[in-house]
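K.L.:
Contents of query.txt (compact mmCIF, C-alpha atoms and all ligand atoms) are given next:
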```txt
# COMPACT_ATOMS: atom_id res chain seq x y z
CA MET A 1150 -87.67 45.71 22.37
CA LYS A 1151 -89.26 47.25 19.32
CA ARG A 1152 -92.25 44.93 19.51
CA GLU A 1153 -92.75 45.63 23.21
CA LYS A 1154 -92.70 49.31 22.43
CA GLN A 1155 -95.46 48.93 19.86
CA GLU A 1156 -97.55 46.78 22.15
CA GLY A 1157 -97.16 49.27 24.98
CA LYS A 1158 -98.38 52.07 22.72
CA LYS A 1159 -101.39 50.06 21.63
CA VAL A 1160 -102.36 49.32 25.21
CA LYS A 1161 -102.17 53.00 26.10
CA GLU A 1162 -104.36 54.00 23.18
CA GLN A 1163 -107.03 51.60 24.36
CA GLY A 1164 -107.08 53.37 27.73
CA GLY A 1165 -106.99 50.32 29.97
CA VAL A 1166 -105.07 47.22 30.93
CA ARG A 1167 -105.50 45.02 27.93
CA LEU A 1168 -103.84 42.08 26.32
CA PRO A 1169 -101.77 43.64 23.57
CA LEU A 1170 -103.47 43.16 20.19
CA SER A 1171 -106.11 40.81 21.54
CA GLY A 1172 -108.79 43.15 22.87
CA LEU A 1173 -109.31 41.00 25.96
CA LYS A 1174 -109.80 42.88 29.18
CA VAL A 1175 -107.37 41.78 31.88
CA SER A 1176 -108.79 41.80 35.38
CA GLU A 1177 -106.67 38.96 36.66
CA ARG A 1178 -105.17 40.62 39.67
CA SER A 1179 -108.44 41.01 41.54
CA ALA A 1180 -109.70 37.69 40.20
CA PHE A 1181 -106.57 35.88 41.39
CA VAL A 1182 -106.76 37.57 44.78
CA SER A 1183 -110.33 36.30 45.24
CA LEU A 1184 -109.12 32.82 44.22
CA LYS A 1185 -106.60 32.95 47.00
CA PHE A 1186 -109.22 33.83 49.58
CA THR A 1187 -111.45 30.94 48.53
CA ARG A 1188 -108.55 28.51 48.80
CA SER A 1189 -106.74 29.72 51.85
CA ASN A 1190 -105.01 26.46 52.80
CA THR A 1191 -103.34 25.81 49.50
CA ALA A 1192 -100.16 27.12 47.97
CA LEU A 1193 -101.79 28.43 44.83
CA LEU A 1194 -100.56 31.97 44.46
CA GLN A 1195 -98.85 34.72 46.33
CA GLN A 1196 -98.40 38.43 46.03
CA ILE A 1197 -94.68 38.97 45.75
CA ASP A 1198 -91.97 41.61 45.18
CA SER A 1199 -91.25 41.82 41.50
CA TYR A 1200 -88.33 43.39 39.60
CA GLU A 1201 -87.83 44.08 35.90
CA PHE A 1202 -84.35 44.97 34.68
CA TRP A 1203 -83.12 46.25 31.34
CA ASP A 1204 -79.50 46.34 30.17
CA ASN A 1205 -80.28 48.93 27.50
CA SER A 1206 -81.84 52.30 28.15
CA LEU A 1207 -85.61 52.29 28.10
CA ASP A 1208 -87.08 54.35 25.28
CA TYR A 1209 -90.74 53.46 25.75
CA ASP A 1210 -93.44 53.76 28.42
CA ILE A 1211 -93.91 50.98 30.93
CA TRP A 1212 -97.59 50.63 30.09
CA TYR A 1213 -98.54 48.57 33.12
CA ALA A 1214 -97.08 51.04 35.65
CA PRO A 1215 -100.46 52.60 36.66
CA HIS A 1216 -102.08 49.18 36.97
CA VAL A 1217 -99.75 47.40 39.39
CA GLU A 1218 -99.27 47.99 43.09
CA ALA A 1219 -96.35 49.99 44.52
CA PHE A 1220 -94.71 50.66 41.14
CA ARG A 1221 -91.46 52.61 41.14
CA GLN A 1222 -88.54 53.00 38.75
CA LEU A 1223 -85.00 52.12 39.80
CA SER A 1224 -81.61 53.45 38.72
CA PRO A 1225 -78.29 51.49 38.77
CA SER A 1226 -77.45 52.95 42.18
CA HIS A 1227 -80.58 51.41 43.73
CA LEU A 1228 -80.67 48.00 45.38
CA PRO A 1229 -80.75 45.28 44.18
CA ILE A 1230 -79.38 46.56 40.84
CA SER A 1231 -76.10 47.79 42.30
CA LYS A 1232 -75.46 44.40 43.95
CA ILE A 1233 -76.31 42.42 40.79
CA ASN A 1234 -74.03 44.59 38.64
CA HIS A 1235 -71.27 44.15 41.22
CA ARG A 1236 -71.63 40.34 41.19
CA ALA A 1237 -71.58 39.96 37.38
CA SER A 1238 -68.44 38.64 35.63
CA PRO A 1239 -65.98 41.28 34.38
CA GLY A 1240 -67.06 42.52 30.95
CA ALA A 1241 -70.63 41.22 31.34
CA PRO A 1242 -73.42 43.69 30.47
CA GLU A 1243 -74.77 45.79 33.32
CA ILE A 1244 -78.35 46.68 34.20
CA SER A 1245 -79.03 50.29 33.27
CA HIS A 1246 -82.65 50.61 34.33
CA GLY A 1247 -85.14 48.83 36.56
CA ALA A 1248 -88.68 48.79 37.89
CA TYR A 1249 -90.24 47.43 41.08
CA TYR A 1250 -93.87 46.48 41.79
CA LYS A 1251 -95.99 43.87 43.55
CA ALA A 1252 -96.95 40.96 41.29
CA MET A 1253 -98.87 37.71 41.66
CA SER A 1254 -96.83 34.52 41.41
CA ILE A 1255 -98.84 31.42 40.42
CA ASN A 1256 -97.88 27.89 41.42
CA VAL A 1257 -98.88 26.48 38.03
CA PRO A 1258 -99.15 22.73 38.84
CA GLN A 1259 -101.37 23.65 41.82
CA TYR A 1260 -103.39 26.09 39.74
CA LEU A 1261 -104.13 23.46 37.06
CA LEU A 1262 -105.08 20.93 39.74
CA TYR A 1263 -107.37 23.51 41.35
CA LEU A 1264 -109.08 24.29 38.03
CA SER A 1265 -109.58 20.63 37.19
CA GLU A 1266 -111.02 19.87 40.68
CA LYS A 1267 -113.31 22.86 40.42
CA ALA A 1268 -114.59 21.77 36.99
CA LYS A 1269 -115.24 18.23 38.22
CA SER A 1270 -117.10 19.56 41.25
CA HIS A 1271 -119.44 21.29 38.78
CA GLY A 1272 -120.16 17.98 37.03
CA VAL A 1273 -117.58 18.17 34.24
CA GLU A 1274 -116.55 14.76 32.88
CA VAL A 1275 -113.13 14.42 31.29
CA LEU A 1276 -112.64 12.39 28.13
CA LYS A 1277 -109.21 12.36 26.48
CA ALA A 1278 -108.94 11.69 22.75
CA ARG A 1279 -106.87 12.96 19.82
CA LEU A 1280 -109.03 14.35 17.04
CA ASP A 1281 -108.03 13.50 13.48
CA THR A 1282 -106.83 16.71 11.81
CA THR A 1283 -106.39 15.32 8.31
CA LYS A 1284 -110.03 15.49 7.13
CA GLY A 1285 -110.89 19.09 7.93
CA PHE A 1286 -112.34 20.88 10.94
CA PRO A 1287 -116.04 19.90 10.42
CA ASN A 1288 -115.05 16.21 10.36
CA ALA A 1289 -112.98 16.60 13.53
CA LEU A 1290 -116.01 18.22 15.20
CA ARG A 1291 -118.24 15.37 14.04
CA GLU A 1292 -115.75 12.95 15.60
CA ALA A 1293 -115.84 14.94 18.87
CA GLU A 1294 -119.63 14.97 18.76
CA GLU A 1295 -119.73 11.18 18.40
CA LEU A 1296 -117.31 10.73 21.29
CA VAL A 1297 -119.43 12.92 23.55
CA THR A 1298 -122.71 11.33 22.45
CA ASP A 1299 -121.26 7.84 23.12
CA LEU A 1300 -120.16 8.97 26.57
CA GLN A 1301 -123.65 10.24 27.31
CA SER A 1302 -125.59 7.37 25.71
CA SER A 1303 -126.41 5.73 29.02
CA LYS A 1304 -127.82 9.01 30.37
CA SER A 1305 -129.25 10.95 27.46
CA SER A 1306 -128.70 11.39 23.74
CA THR A 1307 -128.28 15.17 23.78
CA LYS A 1308 -125.78 16.48 21.26
CA PRO A 1309 -123.22 19.07 22.39
CA SER A 1310 -124.62 22.58 21.91
CA CYS A 1311 -121.18 24.17 21.66
CA PHE A 1312 -117.50 23.21 21.29
CA ILE A 1313 -114.63 25.17 22.82
CA ASN A 1314 -111.52 24.91 20.71
CA ALA A 1315 -108.59 25.43 23.12
CA THR A 1316 -106.05 23.35 21.21
CA GLY A 1317 -103.07 25.73 21.35
CA LEU A 1318 -100.53 24.89 18.65
CA GLY A 1319 -102.84 22.06 17.55
CA ALA A 1320 -105.19 24.67 16.05
CA ARG A 1321 -102.74 25.07 13.18
CA ALA A 1322 -103.65 21.62 11.83
CA LEU A 1323 -107.11 21.29 13.35
CA CYS A 1324 -108.71 24.42 11.94
CA ASP A 1325 -106.02 25.37 9.42
CA ASP A 1326 -104.91 28.52 11.26
CA THR A 1327 -101.54 29.31 9.71
CA ALA A 1328 -101.10 32.33 12.00
CA ILE A 1329 -100.23 29.90 14.83
CA TYR A 1330 -96.53 29.33 15.57
CA PRO A 1331 -94.40 28.08 18.50
CA VAL A 1332 -92.18 30.15 20.77
CA ARG A 1333 -89.79 27.64 22.29
CA GLY A 1334 -88.96 28.15 25.94
CA GLN A 1335 -86.45 26.29 28.08
CA THR A 1336 -86.51 26.54 31.88
CA VAL A 1337 -84.72 25.00 34.85
CA LEU A 1338 -86.45 24.08 38.11
CA VAL A 1339 -84.18 24.58 41.13
CA LYS A 1340 -84.41 24.00 44.85
CA GLY A 1341 -85.45 26.88 47.12
CA GLU A 1342 -87.82 29.81 46.72
CA ALA A 1343 -86.37 33.05 45.41
CA HIS A 1344 -87.26 36.15 47.46
CA SER A 1345 -88.80 37.90 44.44
CA THR A 1346 -89.61 37.45 40.78
CA ILE A 1347 -87.01 38.94 38.44
CA THR A 1348 -87.18 39.46 34.69
CA ARG A 1349 -84.13 40.82 32.91
CA ALA A 1350 -83.94 41.74 29.24
CA GLY A 1351 -80.58 42.20 27.54
CA GLU A 1352 -79.11 42.13 24.06
CA GLY A 1353 -80.10 38.74 22.61
CA TYR A 1354 -81.06 37.15 25.93
CA ARG A 1355 -83.49 37.23 28.82
CA ALA A 1356 -83.07 35.83 32.32
CA TYR A 1357 -85.89 35.37 34.78
CA CYS A 1358 -86.82 33.64 38.02
CA ILE A 1359 -90.32 32.87 39.28
CA PRO A 1360 -90.66 31.27 42.72
CA ARG A 1361 -93.53 28.77 43.01
CA PRO A 1362 -95.42 29.70 46.18
CA GLU A 1363 -94.88 27.28 49.07
CA SER A 1364 -93.36 24.58 46.85
CA GLY A 1365 -89.74 25.08 47.91
CA THR A 1366 -88.83 25.51 44.24
CA THR A 1367 -88.17 28.26 41.69
CA ILE A 1368 -88.37 28.31 37.90
CA LEU A 1369 -85.35 29.86 36.19
CA GLY A 1370 -85.60 30.95 32.58
CA GLY A 1371 -85.23 31.15 29.88
CA THR A 1372 -85.34 31.21 26.16
CA LYS A 1373 -87.90 32.69 23.76
CA GLU A 1374 -87.25 31.24 20.31
CA GLU A 1375 -89.88 32.18 17.75
CA GLY A 1376 -90.82 29.55 15.18
CA VAL A 1377 -88.68 26.78 16.74
CA TRP A 1378 -90.48 23.42 17.05
CA GLU A 1379 -87.63 21.50 18.76
CA SER A 1380 -88.86 20.45 22.19
CA GLU A 1381 -85.75 18.70 23.54
CA PRO A 1382 -83.75 20.76 26.11
CA ASP A 1383 -80.37 22.08 25.06
CA ASP A 1384 -77.40 21.77 27.49
CA ASN A 1385 -75.81 25.08 26.43
CA ALA A 1386 -79.07 26.92 27.12
CA THR A 1387 -79.26 25.30 30.58
CA GLU A 1388 -75.75 26.52 31.40
CA GLU A 1389 -76.57 30.02 30.18
CA ILE A 1390 -79.77 30.16 32.26
CA LEU A 1391 -77.90 29.08 35.40
CA ARG A 1392 -74.96 31.44 34.79
CA ARG A 1393 -77.10 34.54 34.25
CA ASN A 1394 -79.47 33.80 37.13
CA ALA A 1395 -76.60 33.17 39.58
CA TRP A 1396 -75.96 36.93 39.64
CA GLN A 1397 -79.63 37.67 40.28
CA VAL A 1398 -80.72 35.05 42.83
CA PRO A 1399 -77.68 34.22 44.97
CA GLU A 1400 -80.05 33.10 47.74
CA LEU A 1401 -80.64 29.92 45.70
CA LEU A 1402 -76.96 28.97 45.36
CA THR A 1403 -77.33 26.33 48.05
CA GLY A 1404 -75.42 23.42 46.44
CA PRO A 1405 -72.26 22.11 48.18
CA GLY A 1406 -70.03 24.10 45.80
CA GLY A 1407 -72.21 27.24 45.94
CA GLU A 1408 -74.19 26.30 42.83
CA PHE A 1409 -77.92 25.92 42.09
CA GLU A 1410 -79.48 22.59 43.07
CA VAL A 1411 -81.10 21.63 39.77
CA LEU A 1412 -84.25 19.50 40.05
CA SER A 1413 -85.27 19.33 36.39
CA VAL A 1414 -84.78 20.94 32.98
CA GLN A 1415 -87.77 21.35 30.70
CA CYS A 1416 -88.66 22.75 27.37
CA GLY A 1417 -92.09 23.88 26.15
CA LEU A 1418 -93.59 25.46 23.07
CA ARG A 1419 -95.69 28.56 23.76
CA PRO A 1420 -98.69 28.67 21.39
CA ALA A 1421 -98.24 32.10 19.78
CA ARG A 1422 -100.36 33.62 17.02
CA THR A 1423 -99.70 36.46 14.62
CA GLY A 1424 -102.26 39.14 15.51
CA GLY A 1425 -102.76 37.86 19.07
CA PRO A 1426 -104.97 35.20 20.67
CA ARG A 1427 -108.12 34.06 18.91
CA VAL A 1428 -111.09 34.21 21.27
CA GLU A 1429 -114.22 34.35 19.14
CA GLY A 1430 -117.27 32.37 18.07
CA GLU A 1431 -117.75 30.64 14.71
CA VAL A 1432 -120.39 28.42 13.16
CA VAL A 1433 -118.44 25.65 11.38
CA GLY A 1434 -119.88 23.67 8.47
CA GLY A 1435 -123.21 25.48 8.95
CA MET A 1436 -124.01 23.37 12.02
CA TYR A 1437 -121.34 23.33 14.71
CA ASN A 1438 -121.19 26.11 17.28
CA VAL A 1439 -117.54 26.69 18.14
CA VAL A 1440 -115.84 29.13 20.49
CA HIS A 1441 -112.12 29.39 19.75
CA ALA A 1442 -109.75 30.13 22.64
CA TYR A 1443 -106.14 29.63 21.60
CA GLY A 1444 -102.92 31.44 20.74
CA HIS A 1445 -102.14 33.00 24.16
CA ALA A 1446 -98.39 32.73 23.59
CA GLY A 1447 -96.41 33.19 26.85
CA ALA A 1448 -99.32 34.56 28.86
CA GLY A 1449 -101.85 31.72 28.98
CA TYR A 1450 -101.91 31.53 32.77
CA GLN A 1451 -102.00 35.21 33.53
CA ASN A 1452 -104.82 35.72 31.04
CA SER A 1453 -106.70 32.53 31.88
CA ILE A 1454 -109.44 34.13 33.97
CA GLY A 1455 -110.12 37.05 31.61
CA SER A 1456 -110.08 34.73 28.62
CA ALA A 1457 -112.36 32.16 30.27
CA ARG A 1458 -114.89 34.89 31.13
CA LYS A 1459 -114.98 35.96 27.52
CA VAL A 1460 -115.43 32.33 26.39
CA VAL A 1461 -118.35 31.83 28.78
CA GLY A 1462 -120.06 34.91 27.29
CA LEU A 1463 -119.46 33.70 23.73
CA VAL A 1464 -120.77 30.20 24.51
CA GLY A 1465 -123.96 31.78 25.90
CA GLU A 1466 -124.40 33.94 22.80
CA GLY A 1467 -123.77 30.99 20.42
CA VAL A 1468 -126.13 28.65 22.21
CA ALA A 1469 -128.86 31.31 22.38
CA ALA A 1470 -128.50 32.06 18.65
CA ALA A 1471 -128.66 28.34 17.80
CA ALA A 1472 -131.81 27.95 19.91
CA VAL A 1473 -133.49 30.77 17.98
CA VAL A 1474 -132.58 29.13 14.63
CA GLN A 1475 -133.83 25.73 15.84
CA GLY A 1476 -137.07 27.33 17.07
CA ARG A 1477 -137.65 28.93 13.64
CA GLN A 1478 -136.92 25.64 11.84
CA ALA A 1479 -139.35 23.78 14.14
CA LYS A 1480 -142.14 26.24 13.24
CA LEU A 1481 -141.63 25.81 9.46
C1 LIG B 1 -91.28 28.18 28.88
C2 LIG B 1 -92.67 28.65 29.11
C3 LIG B 1 -92.89 29.73 29.94
C4 LIG B 1 -94.19 30.19 30.18
N1 LIG B 1 -94.34 31.27 31.01
C5 LIG B 1 -95.57 31.74 31.24
C6 LIG B 1 -95.76 32.87 32.09
O1 LIG B 1 -94.82 33.44 32.64
N2 LIG B 1 -97.03 33.33 32.28
C7 LIG B 1 -98.10 32.73 31.70
O2 LIG B 1 -99.20 33.20 31.91
N3 LIG B 1 -97.96 31.64 30.92
C8 LIG B 1 -96.72 31.13 30.67
N4 LIG B 1 -96.58 30.02 29.87
C9 LIG B 1 -97.82 29.36 29.40
C10 LIG B 1 -98.01 29.18 27.94
O3 LIG B 1 -97.25 30.12 27.33
C11 LIG B 1 -99.38 29.09 27.33
O4 LIG B 1 -99.98 30.35 27.28
C12 LIG B 1 -100.34 28.11 27.91
O5 LIG B 1 -99.75 26.91 28.27
C13 LIG B 1 -101.39 27.85 26.85
O6 LIG B 1 -102.36 27.01 27.36
P1 LIG B 1 -103.47 26.42 26.38
O7 LIG B 1 -104.34 25.57 27.25
O8 LIG B 1 -104.07 27.48 25.55
O9 LIG B 1 -102.65 25.50 25.35
P2 LIG B 1 -101.91 24.15 25.61
O10 LIG B 1 -101.44 24.05 27.03
O11 LIG B 1 -100.91 23.99 24.53
O12 LIG B 1 -103.06 23.04 25.43
C14 LIG B 1 -103.57 22.66 24.19
C15 LIG B 1 -104.18 21.28 24.33
O13 LIG B 1 -104.85 20.94 23.13
C16 LIG B 1 -104.58 19.57 22.85
N5 LIG B 1 -104.75 19.32 21.41
C17 LIG B 1 -104.13 19.93 20.39
N6 LIG B 1 -104.52 19.40 19.21
C18 LIG B 1 -105.43 18.42 19.50
C19 LIG B 1 -106.20 17.49 18.73
N7 LIG B 1 -106.13 17.44 17.40
N8 LIG B 1 -107.02 16.62 19.39
C20 LIG B 1 -107.13 16.66 20.74
N9 LIG B 1 -106.43 17.51 21.53
C21 LIG B 1 -105.59 18.36 20.91
C22 LIG B 1 -103.14 19.38 23.29
O14 LIG B 1 -102.85 18.01 23.48
C23 LIG B 1 -103.13 20.18 24.58
O15 LIG B 1 -103.54 19.39 25.68
C24 LIG B 1 -95.29 29.55 29.59
C25 LIG B 1 -95.06 28.44 28.76
C26 LIG B 1 -93.78 28.01 28.51
C27 LIG B 1 -93.57 26.84 27.58
```
Write out the structure in this file as structure tokens.
Ligand SMILES: Cc1cc2nc3c(=O)[nH]c(=O)nc-3n(C[C@H](O)[C@H](O)[C@H](O)COP(=O)(O)OP(=O)(O)OC[C@H]3O[C@@H](n4cnc5c(N)ncnc54)[C@H](O)[C@@H]3O)c2cc1C
P.N.:
Amino acid sequence: MKREKQEGKKVKEQGGVRLPLSGLKVSERSAFVSLKFTRSNTALLQQIDSYEFWDNSLDYDIWYAPHVEAFRQLSPSHLPISKINHRASPGAPEISHGAYYKAMSINVPQYLLYLSEKAKSHGVEVLKARLDTTKGFPNALREAEELVTDLQSSKSSTKPSCFINATGLGARALCDDTAIYPVRGQTVLVKGEAHSTITRAGEGYRAYCIPRPESGTTILGGTKEEGVWESEPDDNATEEILRRNAWQVPELLTGPGGEFEVLSVQCGLRPARTGGPRVEGEVVGGMYNVVHAYGHAGAGYQNSIGSARKVVGLVGEGVAAAAVVQGRQAKL
């Protein structure tokens, strides 16, 4: 709560919708809407009713209120809060405050497929390899350069003019960034699409549901465990996620005994970074142009378009600067 309060204040001071602490401009809503219109037949994303609930009283500004559509605050007497509080087990905490707005829900597997198809249609070739992180970043870049040059050898011998380092948690070992740490998150995929997205924050827990557009499934969450590297799901956490979400999304209790129909349980490590994401250019070892783009924590999808735009600009600047240096060296 305290951290969210600080982030909210920072955003307000900057006078716009910005990624807290990162300085990246967020223009995803309009960008995602245009994505939808260029891909009308596919279940990629959907504008959807969205609720945020808090068990404790809210003592900070909801910074995004002016930037989302149809925002309004809700009291415990408003629907659906009154119904959720009524359904909860006796003695369970109650929601004391809520907010409603229209949000975009992304079908992430479809979104990743879309991005990869789009890249390939622009001539991108995909080569998968694990770079050795034990000999320093310049050596890892040399290794990457060799891999790319080998791939191109039949066509040309051009060396890469820029590398984009989007290695998430891997950046900790690859470029010795000790500010990188995991935020473990466990989720449960269930059958059916919830009518809205819901995020609830309570004392020591959070419970959320995000329907995946036109997939017939919904993601239920979830945990946020800072600094935990364990990636195996935990049965107690699964039970807790299902129990808390049962009060919030009764429309998905479609099992024979009135329970959720669980399709899968998964656990992931969000690549967080003290000080926020790193999206900046660097010349490594005096010769490799690198644009870093990692550390987006739990917001990598929602910030993907804004972040990618910034990366494209930085790549252009780095390549142009390198061309000037090469031109000067050629004249000497
Ligand atoms: C439970 C959970 C909930 C989430 N909820 C949301 C949400 O609500 N909204 C949202 O926007 N996002 C959400 N996310 C997304 C997530 O938090 C990240 O922001 C996103 O996945 C980061 O993507 P990335 O491409 O930067 O990093 P990653 O997906 O981690 O990719 C890094 C890649 O680098 C590769 N790599 C690393 N080291 C090396 C090496 N040495 N050599 C070669 N390759 C290497 C890795 O193999 C990997 O493929 C959630 C994630 C989790 C786990």
K.L.:
Would you name the residues within 8 Å of ligand LIG 1 (chain B), counting only C-alpha atoms and all ligand atoms, and put them as JSON, numbers by chain?
P.N.:
{"A": [1277, 1278, 1279, 1280, 1281, 1282, 1289, 1315, 1316, 1317, 1318, 1319, 1320, 1322, 1323, 1332, 1333, 1334, 1335, 1336, 1370, 1371, 1372, 1373, 1415, 1416, 1417, 1418, 1419, 1420, 1421, 1442, 1443, 1444, 1445, 1446, 1447, 1448, 1449, 1450, 1451, 1452, 1453]}
K.L.:
So, with all atoms listed in the file as the atoms that count, which of A:Ile1244, A:Val1464, A:Leu1391, A:Leu1369 lies closest to Glu1408 in chain A?
P.N.:
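Of the candidates, the smallest distance to Glu1408 in chain A is held by A:Leu1391.
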K.L.:
For Lys1251 in chain A, find every residue with an atom within 9 Å (counting all atoms listed in the file), except residues of its own chain fewer than 6 positions away, and show them as a ChimeraX atom specification.
P.N.:
/A:1196-1200,1217-1220
K.L.:
Kindly export the residues of the current selection with C-alpha atoms, as a PDB file, keeping the file's coordinate frame.
P.N.:
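Contents of out-v7.pdb, as written:
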```pdb
ATOM      1  CA  GLN A1196     -98.400  38.430  46.030  1.00  0.00           C
ATOM      2  CA  ILE A1197     -94.680  38.970  45.750  1.00  0.00           C
ATOM      3  CA  ASP A1198     -91.970  41.610  45.180  1.00  0.00           C
ATOM      4  CA  SER A1199     -91.250  41.820  41.500  1.00  0.00           C
ATOM      5  CA  TYR A1200     -88.330  43.390  39.600  1.00  0.00           C
ATOM      6  CA  VAL A1217     -99.750  47.400  39.390  1.00  0.00           C
ATOM      7  CA  GLU A1218     -99.270  47.990  43.090  1.00  0.00           C
ATOM      8  CA  ALA A1219     -96.350  49.990  44.520  1.00  0.00           C
ATOM      9  CA  PHE A1220     -94.710  50.660  41.140  1.00  0.00           C
TER      10      PHE A1220
END
```
K.L.:
Can you tell me, as a ChimeraX atom specification, what residues are no more than 12 Å from range 1227-1235 of chain A when counting all atoms listed in the file, ignoring any on the same chain fewer than 4 positions away?
P.N.:
/A:1198-1204,1221-1223,1239-1249,1344-1345,1347,1349,1393-1399
K.L.:
One number please: CA of His1441 in chain A to CA of Glu1429 in chain A, in Å, one decimal.
P.N.:
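It comes out at 5.4 Å.
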K.L.:
Check the smallest atom-to-atom distance from each of A:Ala1252, A:Ala1386, A:Ala1350, A:Cys1311 to Ala1470 in chain A using all atoms listed in the file, then report the winner.
P.N.:
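Counting all atoms listed in the file, the residue closest to Ala1470 in chain A is A:Cys1311.
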